[in-house]
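Here the structure comes first, spelled out in structure tokens, and everything after it is commentary.
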Amino acid sequence: MPKKIKRERILVPEQDPKARIHNFNEVSLGYTMELAIEEASRCLQCPYNIAPCIKGCPVNVNVPGFIKKLIEKDIKGALETIKETNSLPGITGRVCPQEEQCEMHCMMGKLGDRVNIGKLERFVADYAREHGIEAEVKMEPKNGKKVAIIGSGPAGLSCSFDLIKKGYDVTVFEALHSEGGVLIYGIPEFRLPKDIVRYEVDYLKKLGVKFMTNVVVGKTLSFDEIMKEYDAVFIGTGAGTPRFLNLSGVNLKGIYSANEFLTRINLMKAYKFPEYDTPIKKGKTLAVIGGGNVAMDAARSALRVGYERVYILYRRTREYMTAREEEIEHAEQEGIQFMFLVSPIEFVGDEDGNVKVVKLIMNELGEPGKDGRRKPVPIPGTEFGIEVDAVVFAIGQKPNKILCECVEGLEVTDWGTIVVDDKYRTSVEGVFAGGDAVRGEATVVLAMGDGKKAAEAIDEYITTGKWKEENNSENI
Amino acid sequence: MRNMFKIVDIEKLAERIKRIEIEAPLITKNAKAGQFVILRLHEKGERIPLTIFKNHPDRGTIELVFQEVGKTTYELGSYKAGDAILDIVGPLGKPTHVEKFGNTVIIGGGVGTPIAYAVAKAMKDAGNNVTIIAGFRSKDFVILEDDLRDASHKLLITTDDGSYVRKGFTTDVLKELIESGEKIDYVFAVGPVIMMKLIAEITKEHGIKTIVSLNPIMVDGTGMCGACRVYVDGEIKFACADGPDFDAHSVDFDELMRRLGEYREEEKLAMERYMRGR
Ligand SMILES: Cc1cc2nc3c(=O)[nH]c(=O)nc-3n(C[C@H](O)[C@H](O)[C@H](O)COP(=O)(O)OP(=O)(O)OC[C@H]3O[C@@H](n4cnc5c(N)ncnc54)[C@H](O)[C@@H]3O)c2cc1C
Ligand code: FES
């Protein structure tokens, strides 16, 4: 190899932790063109058919391909390469757990740091957006068929993109007043600026996708009404119903679900109260229960609305936390205090019903459970309490049942997720589903991939008129 | 351009209580008695729930009744016919379960009466014998009297101070009704939490099936945030998705009352700021 390979990653500029905990601006500032090319040059350009990064990506982005174009400063070409399989690179570049996907088996890892694929993907998308560069899209002629998409999260958005390209008339129904699902109400501004989500939605609108906000399917419109009007339906309603532990004191004031806390802050801009009308409770100490991305987002948002001490209470140890590595690191830098191996057992309030104390018990790790993760086991006699002004539950979410309740014959699991086969077909003819509504809580990129693959299956169904064959109508 | 929701009529019913009629054709299609909408006035607005008073699928409008209690309702009260509201979503919540119960008593307190009206009308249409008990603070706060009369076979109005019809609370009227030996098969109550709590205590004692319509703080109204959670029979329920109607004898009213006060200070702050800016 003629040129010397740089073993270390090119660092991505970031806002200083001390400054950023007082604002909602993006933490990671992203590469400049110069830095991006320097980082891109570290890629070993593994051939397409063996590149581990492509295999590791849930939607198989041609990573070496786009990086090559980037090195050539062909941003349009790079963008088009990514968009062959990923319609939302500005978003996935920011929120994918790259360390468990594309970057996990990067060959550079054998020589030094792995290539920072996520930040390169983000750079391509950002540069294109900021410079008005758009990927060429081939639009097939209109075919007169109509598809309804329920839910405007990443699953719905990507499904709408592929179907509008194929000539369908596509309408997306969204319960909230803004499109984007978790991207708009859940993931905070400092991690995913809302302008980027709006840019992607506007782009789809430009291509002809119709969005109907403020429509709850199952309430505003019945599912039957939709079935009558459309040739096929895609359900991408996510997993938005928060779980609480039914412990004593769980309904005290100051105890939130992460969804409520984050929705108030992100969607309703409570951090700008009273300029914006939606309030959020402020105080000194807040405890978040959980260890995933949602927990990190809630904790870091709490700092930014003015809480001075923020705890993350997690029932296992650090290595079991499901959050993206970058978010955990950022949370640590920002001074979030992690307490591991603890579980809440009770909440105690003052005479007005405001939460004041979280009572906890210490755990040890026991035998691995079904998912291979060692189970936390409480240690009797280790109870203790910490004083708080607010608590946020970030212990998982279930699919929203409003829709499922109104679809006759729709098969769902005990957990409330919709059952589909390998072609995203549900138990009801003409109805497809994907994303968190099917997987339970998963990731943006998986939801996006589902939407894309479902679009293919919808196209096949509408063009052939064939639903499931008799003999393989069993669900998998 | 997104669809806005145009106000076609706004009318003052009593001090700080207004009735508003809004164009919302999509919502009228499936709206039923007991359901509500969530609205957001403008880009900086909060989302607040308001129950549907009347639904007019023929004209594509809904009517809401609200009391000016906080910044958002005051601001809404300042809107004129022709103005528009940015977002309205609905109908939300499960419709009130309507069937032929027999003798039904529908109880509304203050701004709960519009909901009592909607439910009473549905009960009457379903062939029930309907008595409405409507309680108001005083004569000046009596609203919707003609509507309530229309929706019932018998209308019993009461005022806290006795300045109109009679003196007493809705609970007094209900007790008298029960004591008079009237057979009551079903009670529906909506109004201040304390009223619903006391009604529930009375009917429990007499073994009368009772439904209450709850009004906790809400954000999305679709079961996504849990702000509206209430304890029903020791289980956490979301009023927006599982309710707003619940069995009165299973609800933890004290907790509901506490939770309603969660943002009292912030509401005051927003209100003061709004009044200064006007
Ligand atoms: C706080 C938070 C942080 C996260 N961080 C990450 C991360 O860093 N990386 C990552 O990969 N993943 C992350 N996730 C997970 C990721 O956001 C989800 O997996 C993904 O958004 C699922 O997409 P979806 O399209 O299936 O559903 P959603 O994004 O949930 O969208 C569903 C949409 O459907 C709408 N809807 C529901 N019911 C109806 C109805 N009846 N009628 C009309 N509309 C309806 C909802 O309002 C919502 O807008 C995070 C999740 C949360 C909550
Ligand atoms: S208002 Fe959010 S869950 Fe009911």
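Lettering and numbering for the structure tokens are positional, with chains as A, B, ... in the shown order, residues counted from 1 in each chain, and ligands counted from 1 in the shown order.
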
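Excluding segment 236-240 of chain B itself and same-chain residues fewer than 4 positions from it, the residues having an atom within 7 Å of it are Leu92, Gly93, Leu214, Gly221, Thr222, Gly223, Gly226, Cys228, Arg229, Val230, Tyr231, Val232 and Pro244 of chain B, counting only C-alpha atoms.
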
Residue selection dump (C-alpha atoms) as an mmCIF file, in the first residue's frame:
data_model
loop_
_atom_site.group_PDB
_atom_site.id
_atom_site.type_symbol
_atom_site.label_atom_id
_atom_site.label_comp_id
_atom_site.auth_asym_id
_atom_site.auth_seq_id
_atom_site.Cartn_x
_atom_site.Cartn_y
_atom_site.Cartn_z
ATOM 1 C CA LEU B 92 -60.965 11.069 20.770
ATOM 2 C CA GLY B 93 -61.764 8.707 23.599
ATOM 3 C CA LEU B 214 -62.992 12.162 33.636
ATOM 4 C CA GLY B 221 -54.956 12.241 23.559
ATOM 5 C CA THR B 222 -54.059 9.012 21.764
ATOM 6 C CA GLY B 223 -52.546 6.927 24.555
ATOM 7 C CA GLY B 226 -49.636 8.751 30.029
ATOM 8 C CA CYS B 228 -53.875 11.392 31.618
ATOM 9 C CA ARG B 229 -53.333 8.277 33.693
ATOM 10 C CA VAL B 230 -55.771 7.502 36.458
ATOM 11 C CA TYR B 231 -56.145 4.649 38.888
ATOM 12 C CA VAL B 232 -59.194 2.539 38.200
ATOM 13 C CA PRO B 244 -62.831 9.136 29.408
#

Please provide as an mmCIF file with all heavy atoms, in the first residue's frame all residues within 7 Å of segment 230-247 of chain A, with the sequence filter that same-chain residues fewer than 3 positions apart are discarded (counting only C-alpha atoms).
data_model
loop_
_atom_site.group_PDB
_atom_site.id
_atom_site.type_symbol
_atom_site.label_atom_id
_atom_site.label_comp_id
_atom_site.auth_asym_id
_atom_site.auth_seq_id
_atom_site.Cartn_x
_atom_site.Cartn_y
_atom_site.Cartn_z
ATOM 1 N N LYS A 145 -53.485 3.685 -8.789
ATOM 2 C CA LYS A 145 -53.802 2.912 -7.579
ATOM 3 C C LYS A 145 -53.467 3.726 -6.329
ATOM 4 O O LYS A 145 -52.509 4.497 -6.330
ATOM 5 C CB LYS A 145 -52.982 1.612 -7.567
ATOM 6 C CG LYS A 145 -53.235 0.726 -8.761
ATOM 7 C CD LYS A 145 -54.582 0.044 -8.645
ATOM 8 C CE LYS A 145 -54.779 -0.897 -9.835
ATOM 9 N NZ LYS A 145 -56.151 -1.405 -9.892
ATOM 10 N N LYS A 146 -54.254 3.494 -5.303
ATOM 11 C CA LYS A 146 -54.082 4.292 -4.088
ATOM 12 C C LYS A 146 -53.640 3.450 -2.888
ATOM 13 O O LYS A 146 -54.202 2.392 -2.640
ATOM 14 C CB LYS A 146 -55.415 4.970 -3.732
ATOM 15 C CG LYS A 146 -55.887 5.956 -4.797
ATOM 16 C CD LYS A 146 -57.313 6.389 -4.530
ATOM 17 C CE LYS A 146 -57.336 7.422 -3.398
ATOM 18 N NZ LYS A 146 -58.709 7.952 -3.220
ATOM 19 N N VAL A 147 -52.655 3.962 -2.167
ATOM 20 C CA VAL A 147 -52.212 3.280 -0.950
ATOM 21 C C VAL A 147 -52.303 4.242 0.232
ATOM 22 O O VAL A 147 -51.917 5.409 0.125
ATOM 23 C CB VAL A 147 -50.763 2.756 -1.074
ATOM 24 C CG1 VAL A 147 -50.341 2.022 0.199
ATOM 25 C CG2 VAL A 147 -50.624 1.836 -2.286
ATOM 26 N N ALA A 148 -52.837 3.743 1.350
ATOM 27 C CA ALA A 148 -52.905 4.530 2.579
ATOM 28 C C ALA A 148 -51.805 4.063 3.515
ATOM 29 O O ALA A 148 -51.567 2.865 3.654
ATOM 30 C CB ALA A 148 -54.258 4.339 3.256
ATOM 31 N N ILE A 149 -51.136 5.018 4.134
ATOM 32 C CA ILE A 149 -50.107 4.689 5.111
ATOM 33 C C ILE A 149 -50.530 5.290 6.436
ATOM 34 O O ILE A 149 -50.869 6.476 6.500
ATOM 35 C CB ILE A 149 -48.741 5.230 4.646
ATOM 36 C CG1 ILE A 149 -48.322 4.441 3.403
ATOM 37 C CG2 ILE A 149 -47.710 5.142 5.759
ATOM 38 C CD1 ILE A 149 -47.054 4.886 2.775
ATOM 39 N N ILE A 150 -50.546 4.474 7.474
ATOM 40 C CA ILE A 150 -50.993 4.974 8.773
ATOM 41 C C ILE A 150 -49.781 5.136 9.672
ATOM 42 O O ILE A 150 -49.112 4.159 10.009
ATOM 43 C CB ILE A 150 -52.024 4.018 9.398
ATOM 44 C CG1 ILE A 150 -53.147 3.741 8.387
ATOM 45 C CG2 ILE A 150 -52.594 4.620 10.675
ATOM 46 C CD1 ILE A 150 -54.156 2.716 8.854
ATOM 47 N N GLY A 151 -49.489 6.380 10.030
ATOM 48 C CA GLY A 151 -48.319 6.681 10.851
ATOM 49 C C GLY A 151 -47.203 7.258 10.000
ATOM 50 O O GLY A 151 -46.883 6.713 8.944
ATOM 51 N N GLY A 153 -43.952 7.874 10.991
ATOM 52 C CA GLY A 153 -42.600 7.625 11.500
ATOM 53 C C GLY A 153 -41.716 7.142 10.354
ATOM 54 O O GLY A 153 -42.141 7.124 9.200
ATOM 55 N N ALA A 155 -40.917 4.279 9.320
ATOM 56 C CA ALA A 155 -41.489 3.188 8.525
ATOM 57 C C ALA A 155 -42.437 3.756 7.473
ATOM 58 O O ALA A 155 -42.340 3.434 6.283
ATOM 59 C CB ALA A 155 -42.220 2.190 9.429
ATOM 60 N N GLY A 156 -43.341 4.611 7.904
ATOM 61 C CA GLY A 156 -44.317 5.203 6.989
ATOM 62 C C GLY A 156 -43.651 6.092 5.945
ATOM 63 O O GLY A 156 -44.000 6.051 4.761
ATOM 64 N N ILE A 226 -61.097 3.544 5.313
ATOM 65 C CA ILE A 226 -59.816 3.568 4.600
ATOM 66 C C ILE A 226 -59.709 2.386 3.638
ATOM 67 O O ILE A 226 -59.320 2.530 2.495
ATOM 68 C CB ILE A 226 -58.661 3.560 5.618
ATOM 69 C CG1 ILE A 226 -58.768 4.850 6.428
ATOM 70 C CG2 ILE A 226 -57.311 3.370 4.941
ATOM 71 C CD1 ILE A 226 -57.508 5.483 6.840
ATOM 72 N N MET A 227 -60.121 1.209 4.122
ATOM 73 C CA MET A 227 -60.047 0.009 3.285
ATOM 74 C C MET A 227 -60.886 0.165 2.021
ATOM 75 O O MET A 227 -60.541 -0.343 0.966
ATOM 76 C CB MET A 227 -60.527 -1.209 4.069
ATOM 77 C CG MET A 227 -59.535 -1.726 5.083
ATOM 78 S SD MET A 227 -58.043 -2.341 4.309
ATOM 79 C CE MET A 227 -58.529 -4.026 3.923
ATOM 80 N N VAL A 250 -46.817 5.635 42.016
ATOM 81 C CA VAL A 250 -46.411 5.854 40.618
ATOM 82 C C VAL A 250 -47.160 7.019 39.955
ATOM 83 O O VAL A 250 -46.681 7.603 38.995
ATOM 84 C CB VAL A 250 -46.559 4.553 39.794
ATOM 85 C CG1 VAL A 250 -48.014 4.158 39.660
ATOM 86 C CG2 VAL A 250 -45.923 4.695 38.420
ATOM 87 N N SER A 257 -43.884 9.650 32.043
ATOM 88 C CA SER A 257 -43.315 8.691 31.100
ATOM 89 C C SER A 257 -42.302 9.486 30.280
ATOM 90 O O SER A 257 -42.433 10.707 30.155
ATOM 91 C CB SER A 257 -44.392 8.144 30.167
ATOM 92 O OG SER A 257 -44.764 9.119 29.215
ATOM 93 N N ASN A 259 -42.104 9.465 27.200
ATOM 94 C CA ASN A 259 -42.855 10.024 26.080
ATOM 95 C C ASN A 259 -43.485 11.358 26.420
ATOM 96 O O ASN A 259 -43.474 12.278 25.617
ATOM 97 C CB ASN A 259 -43.961 9.054 25.654
ATOM 98 C CG ASN A 259 -43.524 8.199 24.500
ATOM 99 O OD1 ASN A 259 -42.366 8.252 24.096
ATOM 100 N ND2 ASN A 259 -44.452 7.434 23.959
ATOM 101 N N ILE A 345 -38.610 0.594 43.990
ATOM 102 C CA ILE A 345 -39.632 -0.233 44.637
ATOM 103 C C ILE A 345 -40.816 0.597 45.117
ATOM 104 O O ILE A 345 -41.895 0.080 45.338
ATOM 105 C CB ILE A 345 -39.048 -1.062 45.815
ATOM 106 C CG1 ILE A 345 -38.180 -0.172 46.723
ATOM 107 C CG2 ILE A 345 -38.259 -2.245 45.308
ATOM 108 C CD1 ILE A 345 -37.698 -0.892 47.969
ATOM 109 N N GLU A 346 -40.604 1.894 45.258
ATOM 110 C CA GLU A 346 -41.699 2.728 45.761
ATOM 111 C C GLU A 346 -41.364 4.200 45.537
ATOM 112 O O GLU A 346 -40.202 4.587 45.491
ATOM 113 C CB GLU A 346 -41.849 2.475 47.278
ATOM 114 C CG GLU A 346 -43.051 3.154 47.893
ATOM 115 C CD GLU A 346 -43.053 3.089 49.421
ATOM 116 O OE1 GLU A 346 -42.264 2.321 50.000
ATOM 117 O OE2 GLU A 346 -43.848 3.839 50.020
ATOM 118 N N PHE A 393 -39.993 7.669 33.654
ATOM 119 C CA PHE A 393 -39.973 6.248 33.321
ATOM 120 C C PHE A 393 -39.541 6.065 31.875
ATOM 121 O O PHE A 393 -40.198 6.581 30.972
ATOM 122 C CB PHE A 393 -41.375 5.649 33.464
ATOM 123 C CG PHE A 393 -41.648 5.094 34.816
ATOM 124 C CD1 PHE A 393 -42.365 5.826 35.751
ATOM 125 C CD2 PHE A 393 -41.202 3.831 35.154
ATOM 126 C CE1 PHE A 393 -42.642 5.302 37.001
ATOM 127 C CE2 PHE A 393 -41.468 3.304 36.412
ATOM 128 C CZ PHE A 393 -42.185 4.038 37.341
ATOM 129 N N ILE A 395 -38.791 2.765 30.526
ATOM 130 C CA ILE A 395 -38.607 1.314 30.656
ATOM 131 C C ILE A 395 -39.302 0.557 29.542
ATOM 132 O O ILE A 395 -39.601 -0.620 29.675
ATOM 133 C CB ILE A 395 -39.122 0.815 32.012
ATOM 134 C CG1 ILE A 395 -40.599 1.217 32.186
ATOM 135 C CG2 ILE A 395 -38.289 1.361 33.156
ATOM 136 C CD1 ILE A 395 -41.298 0.455 33.292
ATOM 137 N N GLY A 396 -39.580 1.259 28.443
ATOM 138 C CA GLY A 396 -40.124 0.523 27.313
ATOM 139 C C GLY A 396 -41.526 0.933 26.947
ATOM 140 O O GLY A 396 -42.253 1.537 27.733
ATOM 141 N N GLN A 397 -41.857 0.614 25.724
ATOM 142 C CA GLN A 397 -43.141 1.011 25.181
ATOM 143 C C GLN A 397 -43.800 -0.129 24.449
ATOM 144 O O GLN A 397 -43.138 -1.008 23.934
ATOM 145 C CB GLN A 397 -42.935 2.177 24.210
ATOM 146 C CG GLN A 397 -43.018 3.489 24.904
ATOM 147 C CD GLN A 397 -41.987 4.473 24.438
ATOM 148 O OE1 GLN A 397 -41.273 5.025 25.246
ATOM 149 N NE2 GLN A 397 -41.912 4.685 23.150
ATOM 150 N N LYS A 398 -45.123 -0.069 24.405
ATOM 151 C CA LYS A 398 -45.885 -1.081 23.688
ATOM 152 C C LYS A 398 -46.579 -0.416 22.508
ATOM 153 O O LYS A 398 -46.773 0.783 22.509
ATOM 154 C CB LYS A 398 -46.946 -1.682 24.616
ATOM 155 C CG LYS A 398 -46.368 -2.595 25.656
ATOM 156 C CD LYS A 398 -47.445 -3.454 26.277
ATOM 157 C CE LYS A 398 -48.394 -2.644 27.139
ATOM 158 N NZ LYS A 398 -49.260 -3.450 27.990
ATOM 159 N N PRO A 399 -46.981 -1.229 21.522
ATOM 160 C CA PRO A 399 -47.718 -0.622 20.407
ATOM 161 C C PRO A 399 -49.004 0.035 20.890
ATOM 162 O O PRO A 399 -49.642 -0.414 21.833
ATOM 163 C CB PRO A 399 -48.010 -1.816 19.508
ATOM 164 C CG PRO A 399 -46.927 -2.782 19.802
ATOM 165 C CD PRO A 399 -46.655 -2.628 21.262
ATOM 166 N N ASN A 400 -49.345 1.101 20.217
ATOM 167 C CA ASN A 400 -50.573 1.827 20.490
ATOM 168 C C ASN A 400 -51.755 0.982 20.031
ATOM 169 O O ASN A 400 -51.780 0.495 18.914
ATOM 170 C CB ASN A 400 -50.534 3.132 19.713
ATOM 171 C CG ASN A 400 -51.592 4.096 20.166
ATOM 172 O OD1 ASN A 400 -52.715 3.707 20.456
ATOM 173 N ND2 ASN A 400 -51.229 5.351 20.234
ATOM 174 N N GLY A 430 -54.659 -7.291 2.023
ATOM 175 C CA GLY A 430 -54.416 -5.917 1.577
ATOM 176 C C GLY A 430 -53.798 -5.032 2.637
ATOM 177 O O GLY A 430 -53.533 -3.868 2.403
ATOM 178 N N VAL A 431 -53.571 -5.599 3.823
ATOM 179 C CA VAL A 431 -53.028 -4.792 4.925
ATOM 180 C C VAL A 431 -51.625 -5.274 5.291
ATOM 181 O O VAL A 431 -51.422 -6.453 5.597
ATOM 182 C CB VAL A 431 -53.944 -4.854 6.160
ATOM 183 C CG1 VAL A 431 -53.376 -3.992 7.283
ATOM 184 C CG2 VAL A 431 -55.351 -4.401 5.799
ATOM 185 N N PHE A 432 -50.687 -4.348 5.244
ATOM 186 C CA PHE A 432 -49.278 -4.640 5.539
ATOM 187 C C PHE A 432 -48.871 -3.846 6.782
ATOM 188 O O PHE A 432 -49.524 -2.870 7.136
ATOM 189 C CB PHE A 432 -48.410 -4.218 4.349
ATOM 190 C CG PHE A 432 -48.736 -4.952 3.071
ATOM 191 C CD1 PHE A 432 -49.892 -4.635 2.341
ATOM 192 C CD2 PHE A 432 -47.914 -5.948 2.598
ATOM 193 C CE1 PHE A 432 -50.202 -5.314 1.167
ATOM 194 C CE2 PHE A 432 -48.209 -6.634 1.422
ATOM 195 C CZ PHE A 432 -49.361 -6.314 0.705
ATOM 196 N N ALA A 433 -47.802 -4.263 7.416
ATOM 197 C CA ALA A 433 -47.354 -3.524 8.596
ATOM 198 C C ALA A 433 -45.853 -3.660 8.762
ATOM 199 O O ALA A 433 -45.243 -4.629 8.292
ATOM 200 C CB ALA A 433 -48.072 -4.032 9.849
ATOM 201 N N GLY A 434 -45.240 -2.677 9.424
ATOM 202 C CA GLY A 434 -43.800 -2.727 9.674
ATOM 203 C C GLY A 434 -43.391 -1.708 10.722
ATOM 204 O O GLY A 434 -44.214 -0.936 11.211
ATOM 205 N N GLY A 435 -42.111 -1.728 11.057
ATOM 206 C CA GLY A 435 -41.590 -0.804 12.076
ATOM 207 C C GLY A 435 -41.924 -1.291 13.474
ATOM 208 O O GLY A 435 -42.193 -2.472 13.690
ATOM 209 N N ASP A 436 -41.909 -0.371 14.414
ATOM 210 C CA ASP A 436 -42.122 -0.729 15.823
ATOM 211 C C ASP A 436 -43.482 -1.373 16.079
ATOM 212 O O ASP A 436 -43.644 -2.100 17.050
ATOM 213 C CB ASP A 436 -41.991 0.511 16.717
ATOM 214 C CG ASP A 436 -40.535 0.895 16.958
ATOM 215 O OD1 ASP A 436 -39.658 0.276 16.345
ATOM 216 O OD2 ASP A 436 -40.297 1.809 17.760
ATOM 217 N N ALA A 437 -44.472 -1.108 15.219
ATOM 218 C CA ALA A 437 -45.793 -1.702 15.409
ATOM 219 C C ALA A 437 -45.697 -3.220 15.300
ATOM 220 O O ALA A 437 -46.512 -3.952 15.852
ATOM 221 C CB ALA A 437 -46.776 -1.158 14.370
ATOM 222 N N GLY A 440 -42.093 -4.236 18.075
ATOM 223 C CA GLY A 440 -41.958 -3.684 19.418
ATOM 224 C C GLY A 440 -40.921 -2.601 19.269
ATOM 225 O O GLY A 440 -40.663 -2.142 18.168
ATOM 226 N N GLU A 441 -40.250 -2.243 20.354
ATOM 227 C CA GLU A 441 -39.286 -1.166 20.202
ATOM 228 C C GLU A 441 -38.071 -1.631 19.438
ATOM 229 O O GLU A 441 -37.364 -2.522 19.886
ATOM 230 C CB GLU A 441 -38.811 -0.735 21.561
ATOM 231 C CG GLU A 441 -39.762 0.152 22.254
ATOM 232 C CD GLU A 441 -39.225 0.384 23.624
ATOM 233 O OE1 GLU A 441 -39.314 -0.535 24.442
ATOM 234 O OE2 GLU A 441 -38.689 1.472 23.837
ATOM 235 N N ILE A 458 -46.233 -4.507 -1.387
ATOM 236 C CA ILE A 458 -47.509 -3.868 -1.726
ATOM 237 C C ILE A 458 -47.631 -3.759 -3.242
ATOM 238 O O ILE A 458 -48.677 -4.050 -3.832
ATOM 239 C CB ILE A 458 -47.597 -2.466 -1.059
ATOM 240 C CG1 ILE A 458 -47.767 -2.615 0.458
ATOM 241 C CG2 ILE A 458 -48.745 -1.640 -1.657
ATOM 242 C CD1 ILE A 458 -47.619 -1.327 1.246
ATOM 243 N N GLY B 223 -53.124 8.032 23.791
ATOM 244 C CA GLY B 223 -52.546 6.927 24.555
ATOM 245 C C GLY B 223 -51.038 6.862 24.462
ATOM 246 O O GLY B 223 -50.438 5.833 24.735
ATOM 247 N N MET B 224 -50.402 7.949 24.102
ATOM 248 C CA MET B 224 -48.984 7.921 23.839
ATOM 249 C C MET B 224 -48.123 8.465 24.982
ATOM 250 O O MET B 224 -46.920 8.238 25.014
ATOM 251 C CB MET B 224 -48.726 8.738 22.584
ATOM 252 C CG MET B 224 -47.345 8.666 22.083
ATOM 253 S SD MET B 224 -46.979 10.049 21.074
ATOM 254 C CE MET B 224 -46.799 11.406 22.098
ATOM 255 N N CYS B 225 -48.727 9.223 25.917
ATOM 256 C CA CYS B 225 -47.854 9.880 26.892
ATOM 257 C C CYS B 225 -48.128 9.500 28.343
ATOM 258 O O CYS B 225 -47.246 9.578 29.178
ATOM 259 C CB CYS B 225 -47.934 11.393 26.732
ATOM 260 S SG CYS B 225 -49.439 12.124 27.370
ATOM 261 N N GLY B 226 -49.350 9.120 28.649
ATOM 262 C CA GLY B 226 -49.636 8.751 30.029
ATOM 263 C C GLY B 226 -49.866 9.927 30.966
ATOM 264 O O GLY B 226 -49.992 9.736 32.176
#

Handout entry: Interface list for chain A, partner chain B, 7 Å threshold, only C-alpha atoms, as a PyMOL selection string
Key = chain A and resi 177+214-215+219-220+240-242+253+257+259-260+268+274+276-279+353+400

Problem - Distance in Å - atom CA of Lys32 of chain B versus atom CA of Pro95 of chain B - result: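 Distance reported for this atom pair: 5.6 Å.
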
Exercise for the section: Excluding segment 82-89 of chain A and any residue of its chain fewer than 5 positions from it, enumerate the residues within 8 Å of it, using only C-alpha atoms, and give them as a PyMOL selection string. Expected result: chain A and resi 59-63+66+121-122+125+135+158+161+200+448-449

Neighbour list for Leu155 of chain B as a short mmCIF file (atom, residue, chain, number, x, y, z; two decimals) with N, CA and C atoms, in the first residue's frame, cut-off 8 Å, only C-alpha atoms, skip fewer than 2 positions in-chain:
data_model
loop_
_atom_site.label_atom_id
_atom_site.label_comp_id
_atom_site.auth_asym_id
_atom_site.auth_seq_id
_atom_site.Cartn_x
_atom_site.Cartn_y
_atom_site.Cartn_z
N THR B 131 -83.67 11.74 33.13
CA THR B 131 -83.75 12.88 34.04
C THR B 131 -82.39 13.55 34.05
N ILE B 132 -82.37 14.85 33.86
CA ILE B 132 -81.08 15.56 33.97
C ILE B 132 -81.08 16.35 35.28
N ILE B 133 -80.00 16.21 36.02
CA ILE B 133 -79.77 17.09 37.17
C ILE B 133 -78.61 18.00 36.78
N ALA B 134 -78.88 19.31 36.73
CA ALA B 134 -77.84 20.24 36.34
C ALA B 134 -77.59 21.23 37.46
N LEU B 148 -80.85 21.42 27.55
CA LEU B 148 -80.96 20.36 28.56
C LEU B 148 -82.41 19.89 28.68
N ARG B 149 -83.33 20.81 28.52
CA ARG B 149 -84.75 20.43 28.59
C ARG B 149 -85.09 19.52 27.42
N SER B 152 -84.02 15.83 27.69
CA SER B 152 -84.47 15.04 28.84
C SER B 152 -85.99 14.96 28.89
N HIS B 153 -86.47 14.07 29.73
CA HIS B 153 -87.90 14.06 30.02
C HIS B 153 -88.18 14.94 31.22
N ILE B 157 -82.94 21.61 37.79
CA ILE B 157 -81.82 22.54 37.93
C ILE B 157 -81.67 22.91 39.40
#

Exercise for the section: Could you jot down the atom CA of Arg20 of chain A to atom CA of Ser178 of chain A separation for me, Å, one decimal place? Expected result: 26.3 Å

Practice task
Fewer than 2 positions away in the same chain doesn't count, so skip those; otherwise give me all residues within 12 Å of Leu76 of chain B, counting only C-alpha atoms, as a ChimeraX atom specification.
Solution key: /B:7,10-11,16-22,39-42,45-46,48,50,64-74,78-81,83-86
